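The next block is model08.cif, given as mmCIF, C-alpha atoms.
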data_structure
loop_
_atom_site.label_atom_id
_atom_site.label_comp_id
_atom_site.auth_asym_id
_atom_site.auth_seq_id
_atom_site.Cartn_x
_atom_site.Cartn_y
_atom_site.Cartn_z
CA MET A 56 25.54 19.47 -23.86
CA LYS A 57 24.05 15.98 -24.22
CA LYS A 58 23.65 15.75 -20.43
CA VAL A 59 21.97 19.15 -20.34
CA LEU A 60 19.50 18.03 -23.01
CA GLN A 61 18.84 14.79 -21.13
CA VAL A 62 18.07 16.76 -17.98
CA ALA A 63 15.80 19.17 -19.85
CA LEU A 64 13.95 16.36 -21.60
CA GLY A 65 13.60 14.37 -18.39
CA ILE A 66 12.29 17.37 -16.50
CA LEU A 67 9.68 18.13 -19.14
CA ALA A 68 8.63 14.49 -19.37
CA ALA A 69 8.22 14.25 -15.58
CA ILE A 70 5.57 16.99 -15.55
CA GLY A 71 3.09 15.01 -17.64
CA GLY A 72 3.28 12.01 -15.32
CA PHE A 73 3.23 13.90 -12.03
CA VAL A 74 0.00 15.87 -12.41
CA ASP A 75 -2.49 13.06 -12.98
CA ILE A 76 -6.23 13.03 -12.35
CA GLY A 77 -5.65 12.41 -8.63
CA ASP A 78 -3.56 15.56 -8.30
CA LEU A 79 -6.09 17.55 -10.34
CA VAL A 80 -9.02 16.44 -8.18
CA PHE A 81 -7.44 16.71 -4.75
CA ASN A 82 -5.59 19.97 -5.35
CA MET A 83 -8.61 21.75 -6.81
CA GLU A 84 -11.02 20.41 -4.17
CA ALA A 85 -8.59 21.25 -1.36
CA GLY A 86 -8.26 24.81 -2.65
CA ALA A 87 -12.02 25.16 -3.01
CA LYS A 88 -12.65 23.96 0.56
CA PHE A 89 -9.70 25.39 2.48
CA GLN A 90 -8.32 28.05 0.13
CA TYR A 91 -4.52 28.07 0.60
CA GLN A 92 -4.28 26.29 3.96
CA LEU A 93 -3.06 22.98 2.50
CA LEU A 94 -0.25 24.28 0.28
CA TRP A 95 2.25 23.04 2.87
CA VAL A 96 1.02 19.47 2.37
CA VAL A 97 1.96 19.66 -1.32
CA VAL A 98 5.49 20.60 -0.28
CA VAL A 99 5.65 17.58 2.05
CA GLY A 100 4.39 15.28 -0.71
CA VAL A 101 6.76 16.64 -3.37
CA VAL A 102 9.80 16.29 -1.11
CA GLY A 103 8.72 12.73 -0.29
CA ILE A 104 8.40 11.65 -3.93
CA ILE A 105 11.76 13.28 -4.70
CA VAL A 106 13.46 11.39 -1.85
CA TYR A 107 12.12 7.99 -2.85
CA SER A 108 12.35 8.51 -6.62
CA GLU A 109 16.02 9.37 -6.22
CA MET A 110 16.49 6.12 -4.25
CA CYS A 111 14.64 4.12 -6.91
CA GLY A 112 16.63 5.64 -9.73
CA ARG A 113 19.91 5.05 -7.89
CA VAL A 114 19.05 1.40 -7.16
CA ALA A 115 18.12 0.84 -10.81
CA ALA A 116 21.18 2.63 -12.22
CA VAL A 117 23.62 0.76 -9.96
CA SER A 118 22.08 -2.72 -10.14
CA LYS A 119 20.69 -2.52 -13.69
CA ARG A 120 17.47 -3.82 -12.18
CA PRO A 121 14.28 -1.91 -11.32
CA VAL A 122 13.16 -1.64 -7.72
CA PHE A 123 10.41 -4.27 -7.92
CA ASP A 124 12.92 -6.81 -9.16
CA ALA A 125 15.25 -5.87 -6.29
CA ILE A 126 12.43 -6.22 -3.74
CA ARG A 127 11.64 -9.74 -4.93
CA GLU A 128 15.27 -10.86 -5.00
CA ARG A 129 16.53 -9.32 -1.76
CA LEU A 130 13.42 -9.47 0.43
CA GLY A 131 11.75 -12.63 -0.82
CA PHE A 132 8.64 -13.62 -2.72
CA GLY A 133 6.37 -13.06 0.29
CA VAL A 134 7.17 -9.36 0.66
CA GLY A 135 7.15 -9.03 -3.12
CA LEU A 136 3.72 -10.65 -3.38
CA GLY A 137 2.25 -8.24 -0.85
CA ALA A 138 3.67 -5.29 -2.76
CA LEU A 139 2.50 -6.79 -6.08
CA VAL A 140 -1.11 -7.35 -5.03
CA SER A 141 -1.51 -3.94 -3.40
CA SER A 142 0.18 -2.05 -6.23
CA GLN A 143 -1.79 -3.87 -8.95
CA LEU A 144 -5.11 -3.07 -7.29
CA VAL A 145 -4.22 0.60 -7.05
CA ASN A 146 -2.77 0.59 -10.58
CA LEU A 147 -5.97 -0.81 -12.07
CA MET A 148 -8.21 1.66 -10.22
CA THR A 149 -5.94 4.54 -11.21
CA LEU A 150 -5.71 3.43 -14.84
CA ALA A 151 -9.50 3.21 -15.14
CA ALA A 152 -9.84 6.68 -13.60
CA GLU A 153 -7.22 8.13 -15.98
CA VAL A 154 -9.00 6.63 -18.99
CA GLY A 155 -12.27 8.13 -17.79
CA GLY A 156 -10.52 11.48 -17.30
CA MET A 157 -9.21 11.35 -20.87
CA ALA A 158 -12.71 10.64 -22.18
CA LEU A 159 -14.16 13.55 -20.19
CA ALA A 160 -11.52 15.95 -21.55
CA LEU A 161 -12.13 14.71 -25.10
CA GLN A 162 -15.89 15.11 -24.63
CA LEU A 163 -15.46 18.73 -23.55
CA LEU A 164 -13.22 19.37 -26.56
CA SER A 165 -15.36 17.54 -29.14
CA GLY A 166 -18.91 17.15 -27.81
CA LEU A 167 -18.93 13.46 -28.79
CA PRO A 168 -20.54 10.76 -26.58
CA TYR A 169 -18.58 9.87 -23.45
CA ARG A 170 -18.67 6.07 -23.90
CA LEU A 171 -17.48 6.36 -27.52
CA LEU A 172 -14.57 8.49 -26.37
CA ILE A 173 -13.63 5.90 -23.73
CA LEU A 174 -13.14 3.43 -26.59
CA VAL A 175 -11.25 6.05 -28.62
CA GLY A 176 -8.98 6.73 -25.65
CA ILE A 177 -8.23 3.05 -25.04
CA VAL A 178 -7.46 2.43 -28.73
CA ALA A 179 -5.24 5.53 -28.87
CA LEU A 180 -3.32 4.43 -25.78
CA ALA A 181 -2.84 0.93 -27.19
CA ILE A 182 -1.52 2.28 -30.50
CA VAL A 183 0.87 4.71 -28.80
CA ILE A 184 2.20 2.01 -26.45
CA TRP A 185 2.64 -0.44 -29.32
CA VAL A 186 4.22 1.93 -31.85
CA ALA A 187 6.07 4.75 -30.09
CA PRO A 188 9.56 4.33 -28.57
CA PHE A 189 9.74 4.67 -24.78
CA GLU A 190 11.52 8.04 -24.75
CA TRP A 191 9.09 9.58 -27.23
CA ILE A 192 6.05 8.45 -25.25
CA GLU A 193 7.31 10.40 -22.24
CA ARG A 194 8.41 13.42 -24.28
CA ILE A 195 5.23 13.79 -26.32
CA PHE A 196 2.91 13.56 -23.32
CA GLY A 197 5.27 15.61 -21.19
CA TYR A 198 5.55 18.46 -23.69
CA ALA A 199 1.81 18.57 -24.33
CA GLY A 200 1.17 18.34 -20.58
CA LEU A 201 3.03 21.64 -20.25
CA ALA A 202 -0.19 23.27 -21.40
CA LEU A 203 -1.22 22.91 -17.73
CA LEU A 204 1.05 25.90 -17.08
CA VAL A 205 -1.97 27.90 -18.16
CA PHE A 206 -3.21 27.42 -14.57
CA ALA A 207 -0.10 29.20 -13.28
CA VAL A 208 -0.77 32.13 -15.61
CA GLY A 209 -4.43 32.08 -14.60
CA ALA A 210 -3.54 32.07 -10.91
CA ILE A 211 -1.43 35.21 -11.37
CA LYS A 212 -4.17 36.90 -13.42
CA LEU A 213 -6.68 36.25 -10.62
CA HIS A 214 -4.59 38.46 -8.29
CA PRO A 215 -4.75 36.39 -5.10
CA ASN A 216 -3.69 37.83 -1.77
CA TRP A 217 -0.06 36.71 -1.91
CA GLY A 218 0.35 37.17 1.83
CA HIS A 219 -2.41 34.64 2.42
CA VAL A 220 -0.84 32.35 -0.19
CA ALA A 221 2.54 32.52 1.58
CA HIS A 222 0.84 31.73 4.90
CA GLY A 223 -0.49 28.54 3.29
CA PHE A 224 3.05 27.14 3.22
CA VAL A 225 3.12 27.28 7.02
CA PRO A 226 1.25 24.34 8.63
CA HIS A 227 -1.92 25.63 10.28
CA MET A 228 -5.60 24.71 10.49
CA ASN A 229 -8.27 27.39 10.58
CA THR A 230 -11.49 25.47 9.97
CA PRO A 231 -14.46 24.08 11.92
CA GLU A 232 -14.02 20.82 9.97
CA PRO A 233 -10.69 19.36 11.16
CA LEU A 234 -11.45 15.80 10.03
CA ILE A 235 -12.20 16.92 6.47
CA TYR A 236 -8.99 18.98 6.57
CA ALA A 237 -7.11 15.84 7.64
CA TYR A 238 -8.80 13.78 4.89
CA PHE A 239 -7.62 16.19 2.20
CA ALA A 240 -4.13 16.35 3.72
CA VAL A 241 -3.92 12.56 3.51
CA GLY A 242 -5.31 12.60 -0.04
CA LEU A 243 -2.80 15.22 -1.21
CA LEU A 244 0.06 13.14 0.16
CA GLY A 245 -1.32 10.02 -1.52
CA ALA A 246 -1.76 11.81 -4.84
CA ALA A 247 1.84 13.08 -4.73
CA MET A 248 3.39 9.74 -3.70
CA THR A 249 1.27 7.23 -5.66
CA PRO A 250 3.25 3.95 -5.85
CA TYR A 251 3.10 3.64 -9.64
CA GLU A 252 5.31 6.72 -9.98
CA VAL A 253 8.37 5.16 -8.35
CA TYR A 254 7.91 1.77 -10.02
CA PHE A 255 7.58 3.40 -13.42
CA TYR A 256 10.50 5.73 -12.76
CA SER A 257 12.92 2.96 -11.77
CA SER A 258 11.88 0.81 -14.74
CA GLY A 259 12.39 3.82 -17.00
CA VAL A 260 15.95 4.17 -15.70
CA VAL A 261 16.64 0.59 -16.84
CA GLU A 262 14.85 1.18 -20.16
CA GLU A 263 17.10 4.17 -20.87
CA GLY A 264 20.28 2.35 -19.83
CA TRP A 265 21.44 4.63 -17.03
CA THR A 266 24.58 3.66 -15.09
CA PRO A 267 26.25 4.97 -11.91
CA LYS A 268 27.71 7.72 -14.10
CA ASP A 269 24.16 9.01 -14.53
CA LEU A 270 23.39 9.44 -10.81
CA GLY A 271 23.67 13.21 -11.16
CA LEU A 272 21.15 13.06 -13.97
CA ASN A 273 18.93 10.94 -11.74
CA ARG A 274 19.05 13.52 -8.96
CA ALA A 275 18.32 16.36 -11.39
CA ASN A 276 15.33 14.57 -12.89
CA SER A 277 13.96 13.70 -9.46
CA MET A 278 14.44 17.10 -7.85
CA ILE A 279 13.68 19.50 -10.67
CA GLY A 280 11.14 17.35 -12.51
CA TYR A 281 8.96 16.60 -9.51
CA GLY A 282 9.59 20.11 -8.22
CA LEU A 283 8.02 21.51 -11.38
CA GLY A 284 5.16 19.06 -10.97
CA GLY A 285 4.70 20.47 -7.47
CA PHE A 286 4.66 23.97 -8.92
CA LEU A 287 1.71 22.98 -11.10
CA SER A 288 -0.02 21.57 -8.03
CA PHE A 289 0.48 24.92 -6.27
CA ALA A 290 -1.04 26.70 -9.28
CA LEU A 291 -4.11 24.45 -9.23
CA MET A 292 -4.73 24.98 -5.51
CA ILE A 293 -4.15 28.74 -5.68
CA THR A 294 -6.52 29.01 -8.64
CA ALA A 295 -9.23 27.07 -6.81
CA GLY A 296 -8.63 28.97 -3.58
CA THR A 297 -8.95 32.34 -5.32
CA LEU A 298 -11.79 31.53 -7.71
CA PHE A 299 -13.93 28.79 -6.15
CA PHE A 300 -13.44 29.18 -2.38
CA PRO A 301 -15.15 32.61 -2.10
CA GLN A 302 -18.12 31.33 -4.13
CA GLY A 303 -18.48 28.03 -2.26
CA ILE A 304 -18.05 26.07 -5.52
CA GLU A 305 -16.72 22.51 -5.31
CA PRO A 306 -14.94 21.55 -8.58
CA GLN A 307 -15.94 17.88 -8.72
CA LEU A 308 -16.07 17.76 -12.52
CA ILE A 309 -13.22 18.03 -15.03
CA GLY A 310 -15.12 20.84 -16.76
CA THR A 311 -15.26 22.82 -13.52
CA VAL A 312 -11.51 22.34 -13.07
CA ALA A 313 -10.93 23.77 -16.56
CA LEU A 314 -13.02 26.83 -15.69
CA GLY A 315 -10.15 27.82 -13.41
CA ALA A 316 -8.23 28.76 -16.57
CA GLN A 317 -11.16 29.99 -18.66
CA LEU A 318 -12.43 32.70 -16.32
CA PRO A 319 -9.14 34.64 -16.09
CA LEU A 320 -7.89 33.88 -19.64
CA GLY A 321 -10.96 33.27 -21.80
CA THR A 322 -11.49 30.58 -24.43
CA ILE A 323 -7.78 30.11 -25.11
CA GLY A 324 -7.31 29.37 -21.42
CA LEU A 325 -10.08 26.77 -21.49
CA VAL A 326 -8.70 25.04 -24.59
CA LEU A 327 -5.14 24.96 -23.24
CA ALA A 328 -6.38 23.67 -19.88
CA LEU A 329 -8.31 20.82 -21.54
CA ILE A 330 -5.37 19.94 -23.79
CA GLY A 331 -3.06 19.95 -20.79
CA ILE A 332 -5.46 17.80 -18.79
CA LEU A 333 -5.88 15.38 -21.72
CA PHE A 334 -2.15 14.82 -22.20
CA ALA A 335 -1.19 14.87 -18.52
CA VAL A 336 -3.90 12.34 -17.71
CA GLY A 337 -3.08 10.34 -20.85
CA GLY A 338 0.60 10.28 -19.90
CA ALA A 339 -0.33 9.12 -16.41
CA ALA A 340 -2.53 6.39 -17.94
CA ILE A 341 0.46 5.09 -19.91
CA ASP A 342 2.72 5.33 -16.86
CA THR A 343 0.18 3.39 -14.80
CA CYS A 344 -0.35 0.76 -17.48
CA PHE A 345 3.39 0.25 -17.89
CA SER A 346 3.88 0.17 -14.12
CA GLY A 347 1.38 -2.67 -13.78
CA ALA A 348 3.00 -4.65 -16.61
CA TYR A 349 6.49 -3.95 -15.25
CA ASN A 350 5.52 -5.18 -11.78
CA LEU A 351 4.04 -8.44 -13.06
CA ALA A 352 6.97 -9.14 -15.37
CA GLN A 353 9.60 -8.30 -12.77
CA TYR A 354 7.93 -10.35 -10.04
CA PHE A 355 7.57 -13.46 -12.19
CA GLY A 356 10.90 -13.04 -13.99
CA TRP A 357 9.53 -12.45 -17.50
CA GLU A 358 11.29 -10.58 -20.27
CA TRP A 359 10.04 -7.01 -20.21
CA GLY A 360 10.52 -3.51 -21.57
CA LYS A 361 9.65 -1.21 -24.44
CA HIS A 362 13.20 -1.59 -25.71
CA ARG A 363 12.25 -5.17 -26.62
CA ARG A 364 10.00 -5.98 -29.55
CA PRO A 365 6.57 -7.34 -28.52
CA ARG A 366 7.41 -10.82 -29.80
CA ASP A 367 10.57 -10.82 -27.66
CA ALA A 368 8.60 -9.97 -24.49
CA PRO A 369 5.18 -11.51 -25.21
CA ARG A 370 3.97 -11.86 -21.61
CA PHE A 371 4.88 -8.25 -20.85
CA THR A 372 2.92 -7.16 -23.93
CA ILE A 373 -0.06 -9.30 -22.93
CA ALA A 374 0.10 -7.86 -19.41
CA TRP A 375 -0.27 -4.21 -20.47
CA ALA A 376 -2.94 -5.15 -23.03
CA VAL A 377 -4.96 -7.01 -20.38
CA LEU A 378 -4.65 -4.05 -17.99
CA LEU A 379 -6.07 -1.75 -20.68
CA VAL A 380 -8.98 -4.13 -21.27
CA LEU A 381 -9.72 -4.40 -17.53
CA ALA A 382 -9.61 -0.61 -17.20
CA LEU A 383 -12.00 -0.34 -20.16
CA LEU A 384 -14.44 -2.78 -18.59
CA ALA A 385 -14.27 -0.98 -15.24
CA ILE A 386 -14.89 2.51 -16.55
CA MET A 387 -17.60 1.35 -19.01
CA THR A 388 -19.72 0.32 -16.02
CA GLY A 389 -20.56 4.00 -15.67
CA ILE A 390 -18.60 4.64 -12.48
CA ASP A 391 -17.68 8.29 -12.01
CA PRO A 392 -13.93 8.61 -12.78
CA VAL A 393 -13.56 11.43 -10.25
CA MET A 394 -15.08 9.28 -7.49
CA LEU A 395 -12.93 6.34 -8.60
CA THR A 396 -9.91 8.63 -8.44
CA GLU A 397 -10.62 9.47 -4.81
CA TYR A 398 -10.91 5.79 -3.92
CA ALA A 399 -7.70 5.01 -5.83
CA VAL A 400 -5.77 7.77 -4.06
CA ILE A 401 -6.96 6.72 -0.60
CA PHE A 402 -6.22 3.03 -1.23
CA SER A 403 -2.80 4.01 -2.60
CA VAL A 404 -2.14 5.70 0.74
CA VAL A 405 -2.90 2.41 2.50
CA ALA A 406 -0.47 0.63 0.15
CA LEU A 407 2.35 3.16 0.62
CA PRO A 408 4.21 1.20 3.35
CA LEU A 409 4.34 -1.93 1.15
CA THR A 410 5.99 0.19 -1.52
CA TYR A 411 8.35 2.46 0.37
CA ILE A 412 9.61 0.24 3.23
CA PRO A 413 11.18 -2.27 0.78
CA ILE A 414 12.68 0.59 -1.25
CA LEU A 415 14.40 1.98 1.85
CA LEU A 416 15.69 -1.47 2.81
CA VAL A 417 17.11 -2.22 -0.64
CA ALA A 418 18.74 1.23 -0.89
CA ASN A 419 20.61 0.42 2.36
CA ASP A 420 21.71 -3.07 1.29
CA THR A 421 25.50 -2.93 0.97
CA ALA A 422 25.64 -6.31 -0.77
CA TYR A 423 23.30 -4.98 -3.44
CA MET A 424 24.31 -1.32 -3.70
CA GLY A 425 28.00 -1.36 -2.75
CA ARG A 426 29.31 2.15 -2.13
CA TYR A 427 26.11 3.66 -3.51
CA VAL A 428 23.99 2.85 -0.43
CA ASN A 429 21.99 5.64 1.21
CA GLY A 430 23.96 8.29 3.02
CA ARG A 431 22.94 9.82 6.33
CA LEU A 432 20.81 12.55 4.73
CA ALA A 433 18.93 10.13 2.48
CA ASN A 434 18.28 7.83 5.43
CA ALA A 435 17.17 10.70 7.66
CA PHE A 436 14.60 11.82 5.09
CA GLY A 437 13.69 8.23 4.25
CA LEU A 438 12.97 7.37 7.89
CA LEU A 439 11.09 10.61 8.49
CA TYR A 440 8.84 9.91 5.52
CA LEU A 441 8.44 6.32 6.60
CA VAL A 442 6.89 7.55 9.85
CA ILE A 443 4.63 9.96 7.92
CA ILE A 444 3.64 7.17 5.52
CA LEU A 445 2.73 4.81 8.34
CA VAL A 446 0.60 7.47 10.08
CA VAL A 447 -1.35 8.41 6.95
CA ALA A 448 -1.73 4.75 5.91
CA VAL A 449 -3.41 3.91 9.21
CA SER A 450 -5.68 6.98 9.14
CA ALA A 451 -6.68 7.03 5.45
CA ILE A 452 -9.68 4.68 5.37
CA PRO A 453 -11.14 5.78 8.74
CA LEU A 454 -11.00 9.40 7.56
CA MET A 455 -12.64 8.47 4.25
CA ILE A 456 -15.48 6.73 6.08
CA VAL A 457 -16.01 9.35 8.79
CA THR A 458 -15.94 12.30 6.38
CA HIS A 459 -17.91 10.55 3.57
CA GLN A 460 -15.00 11.14 1.18
CA GLY A 461 -14.49 14.71 2.35
CA GLN A 462 -18.13 15.71 2.02
CA GLY A 463 -18.77 16.02 5.78
#
Representation of the structure as structure tokens:
Amino acid sequence: MKKVLQVALGILAAIGGFVDIGDLVFNMEAGAKFQYQLLWVVVVGVVGIIVYSEMCGRVAAVSKRPVFDAIRERLGFGVGLGALVSSQLVNLMTLAAEVGGMALALQLLSGLPYRLLILVGIVALAIVIWVAPFEWIERIFGYAGLALLVFAVGAIKLHPNWGHVAHGFVPHMNTPEPLIYAYFAVGLLGAAMTPYEVYFYSSGVVEEGWTPKDLGLNRANSMIGYGLGGFLSFALMITAGTLFFPQGIEPQLIGTVALGAQLPLGTIGLVLALIGILFAVGGAAIDTCFSGAYNLAQYFGWEWGKHRRPRDAPRFTIAWAVLLVLALLAIMTGIDPVMLTEYAVIFSVVALPLTYIPILLVANDTAYMGRYVNGRLANAFGLLYLVIILVVAVSAIPLMIVTHQGQG
């Protein structure tokens, strides 16, 4: 029964971290521009994050060390430094965007000034990170993030053409704008496989003390948790494809995204959507902040972890506090968090090889993993996704430039 509860709690917690502001923006915009044509890309992205999260969790459970630590030790400081620099840049951009997204959701709920709510959001995040135990941080934000299921209910209430929806899971392109289609395909993959997710996940495995006996739990959390996150992504795209695509509306604001639940479900739908967005984005902000602090601590060999008191891991504590301050300074410049999100997602795509190639190498290291190295199936999927990652990494920035961030 304890294992069942651990699986259930892990699955629920995963939802809040999976659907962050990048997923909200790209899924809704993709649905508004191409209706259901890009649903298949979400499937590709979800399977990819499941494959590599399972590897990360297995490496951490077997070695008692998170993946970033393993990368530094087994592949050297040079490879580790490249992964550190690229991941920290993306982490900071993503964290600033998540904080801005929180402030926008709070503004829509309260009507208070946006800049004031940025400060409120940063202070709230700092208090939660300082006070709450690791497992409760994930559970609170994960449970509250379940309010995003209102989009699934809304999608059903909108009565889409389910035949057309089903056709969206088959790769096809029916548009006079193939480059914009490709840009959103790349963005959806980047949003699903953002590097901070796997670094945070593997560090969380160490925080919670998993061992090789918990590898089944690791697989369940990876497959079902991220699968449910993918289900929410489907709901967002179907909602946008049914509601916004026929009207030619582009949901580039958080408030417009929330309308996808208000129009079919009324005020209660709007409130639940905003609460879900607030906690999902807030959970992602904490995940991103921790990921950045984890990476720094693990690269330089510092004491780290929420299971340690702040005075026992002072440099780790300073690291996440500094990341929050830098995110505050970035978003207080007035930059649009949605635009920053799109930049963060595209740059995360460029950084994907520096994250996932080392993971695949470490997961195949017999000296490090013993009998728990990748099997044939894991390697087949890992290599397939490595090819996909390399292709999208090379094409991401050219597509962003040519399409003017998907605007044509």
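Using all atoms listed in the file, the smallest distance between any of A:Thr343, A:Asn229, A:Gln92, A:Gln162 and Ile76 of chain A comes from A:Thr343.
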Expansion of the PyMOL selection byres ((chain A and resi 407) around 10) into residues, as a PDB file with C-alpha atoms, in the frame of the given file:
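Saved as expr.pdb:
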ATOM      1  CA  ALA A 138       3.670  -5.290  -2.760  1.00  0.00           C
ATOM      2  CA  SER A 141      -1.510  -3.940  -3.400  1.00  0.00           C
ATOM      3  CA  SER A 142       0.180  -2.050  -6.230  1.00  0.00           C
ATOM      4  CA  GLY A 245      -1.320  10.020  -1.520  1.00  0.00           C
ATOM      5  CA  MET A 248       3.390   9.740  -3.700  1.00  0.00           C
ATOM      6  CA  THR A 249       1.270   7.230  -5.660  1.00  0.00           C
ATOM      7  CA  PRO A 250       3.250   3.950  -5.850  1.00  0.00           C
ATOM      8  CA  PHE A 402      -6.220   3.030  -1.230  1.00  0.00           C
ATOM      9  CA  SER A 403      -2.800   4.010  -2.600  1.00  0.00           C
ATOM     10  CA  VAL A 404      -2.140   5.700   0.740  1.00  0.00           C
ATOM     11  CA  VAL A 405      -2.900   2.410   2.500  1.00  0.00           C
ATOM     12  CA  ALA A 406      -0.470   0.630   0.150  1.00  0.00           C
ATOM     13  CA  PRO A 408       4.210   1.200   3.350  1.00  0.00           C
ATOM     14  CA  LEU A 409       4.340  -1.930   1.150  1.00  0.00           C
ATOM     15  CA  THR A 410       5.990   0.190  -1.520  1.00  0.00           C
ATOM     16  CA  TYR A 411       8.350   2.460   0.370  1.00  0.00           C
ATOM     17  CA  ILE A 412       9.610   0.240   3.230  1.00  0.00           C
ATOM     18  CA  LEU A 441       8.440   6.320   6.600  1.00  0.00           C
ATOM     19  CA  ILE A 444       3.640   7.170   5.520  1.00  0.00           C
ATOM     20  CA  LEU A 445       2.730   4.810   8.340  1.00  0.00           C
ATOM     21  CA  VAL A 447      -1.350   8.410   6.950  1.00  0.00           C
ATOM     22  CA  ALA A 448      -1.730   4.750   5.910  1.00  0.00           C
TER      23      ALA A 448
END
Would you tabulate, counting all atoms listed in the file, all residues of segment 137-218 of chain A that have an atom at most 10 Å from an atom of segment 353-365 of chain A, showing the closest pair of atoms and their distance in Å to one decimal, sorted by chain then ascending number, as CSV?
residue,atom,partner,partner_atom,distance
A:Ala138,CA,A:Tyr354,CA,9.8
A:Leu139,CA,A:Tyr354,CA,7.6
A:Ile184,CA,A:Lys361,CA,8.4
A:Trp185,CA,A:Pro365,CA,8.0
A:Val186,CA,A:Lys361,CA,9.7
A:Ala187,CA,A:Lys361,CA,9.0
A:Pro188,CA,A:Lys361,CA,6.9
A:Phe189,CA,A:Lys361,CA,5.9
A:Glu190,CA,A:Lys361,CA,9.4
Those selected residues, please, written with C-alpha atoms and delivered as a PDB file, in the frame of the given file.
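Just written: result_10.pdb:
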ATOM      1  CA  ALA A 138       3.670  -5.290  -2.760  1.00  0.00           C
ATOM      2  CA  LEU A 139       2.500  -6.790  -6.080  1.00  0.00           C
ATOM      3  CA  ILE A 184       2.200   2.010 -26.450  1.00  0.00           C
ATOM      4  CA  TRP A 185       2.640  -0.440 -29.320  1.00  0.00           C
ATOM      5  CA  VAL A 186       4.220   1.930 -31.850  1.00  0.00           C
ATOM      6  CA  ALA A 187       6.070   4.750 -30.090  1.00  0.00           C
ATOM      7  CA  PRO A 188       9.560   4.330 -28.570  1.00  0.00           C
ATOM      8  CA  PHE A 189       9.740   4.670 -24.780  1.00  0.00           C
ATOM      9  CA  GLU A 190      11.520   8.040 -24.750  1.00  0.00           C
TER      10      GLU A 190
END
**OP:** Compare A:Ala240, A:Leu270, A:Ala247, A:Val428 by their minimum atom-to-atom distance to Glu109 of chain A, counting all atoms listed in the file, and give me the closest one.
**Re:**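 Residue with the minimum atom-to-atom distance to Glu109 of chain A: A:Leu270.
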Original post:
Mind pulling up the distance from atom CA of Gly321 of chain A to atom CA of Gly285 of chain A?
Top reply: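 Straight-line distance from atom CA of Gly285 of chain A to atom CA of Gly321 of chain A works out to 24.8 Å.
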**OP:** Quick one: pull the distance between atom CA of Ile173 of chain A and atom CA of Phe345 of chain A, Å, one decimal.
**Re:** 18.9 Å
Subject >> Residues matched by the PyMOL selection byres ((chain A and resi 149-158) around 7) as a VMD selection string >> reply: chain A and resid 76 145 to 148 159 to 162 169 172 to 173 176 333 336 to 337 339 to 340 343 to 344 382 to 383 385 to 386 392 to 393 395 to 396 399
**OP:** Report the residues retrieved by the PyMOL selection byres ((chain A and resi 310) around 12) from the displayed file, expressed as a ChimeraX atom specification.
**Re:** /A:79-80,83,156-164,305-309,311-317,325-326,328-329,332-333,393
Segment 445-456 of chain A, all listed atoms, 6 Å padding on each side: what axis-aligned box centre and edge lengths in Å to one decimal come out, as lines of an AutoDock Vina configuration file?
center_x = -6.4
center_y = 6.7
center_z = 7.2
size_x = 30.2
size_y = 17.5
size_z = 17.8
Original post:
Out of A:Ile304, A:Ile390, A:Leu180, A:Phe89, which residue has the shortest atom-to-atom distance to Tyr238 of chain A when counting all atoms listed in the file?
Top reply: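 When distances to Tyr238 of chain A are compared using all atoms listed in the file, the smallest one comes from A:Phe89.
Of the residues under consideration (A:Ile177, A:Leu438, A:Val225, A:Leu283), A:Ile177 shows the shortest atom-to-atom contact distance to Val377 of chain A when counting all atoms listed in the file.
What separates atom CA of Phe196 of chain A from atom CA of Phe299 of chain A is a distance of 28.5 Å.
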Original post:
Using only C-alpha atoms, which residue out of A:Ala237, A:Ala348, A:Val106, A:Ala451 lies closest to Leu93 of chain A?
Top reply: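 Residue with the minimum atom-to-atom distance to Leu93 of chain A: A:Ala237.
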**OP:** Return the single residue from A:Gly133, A:Leu204, A:Glu232, A:His214 that is closest to Gly284 of chain A, with distances computed using all atoms listed in the file.
**Re:**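 The answer is A:Leu204, which sits nearest to Gly284 of chain A.
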Original post:
Within 8 Å of Pro121 of chain A, counting all atoms listed in the file, which residues qualify if same-chain residues fewer than 3 places away don't, as a PyMOL selection string?
Top reply: chain A and resi 111+114-115+118+124-125+254+257-258+260-261
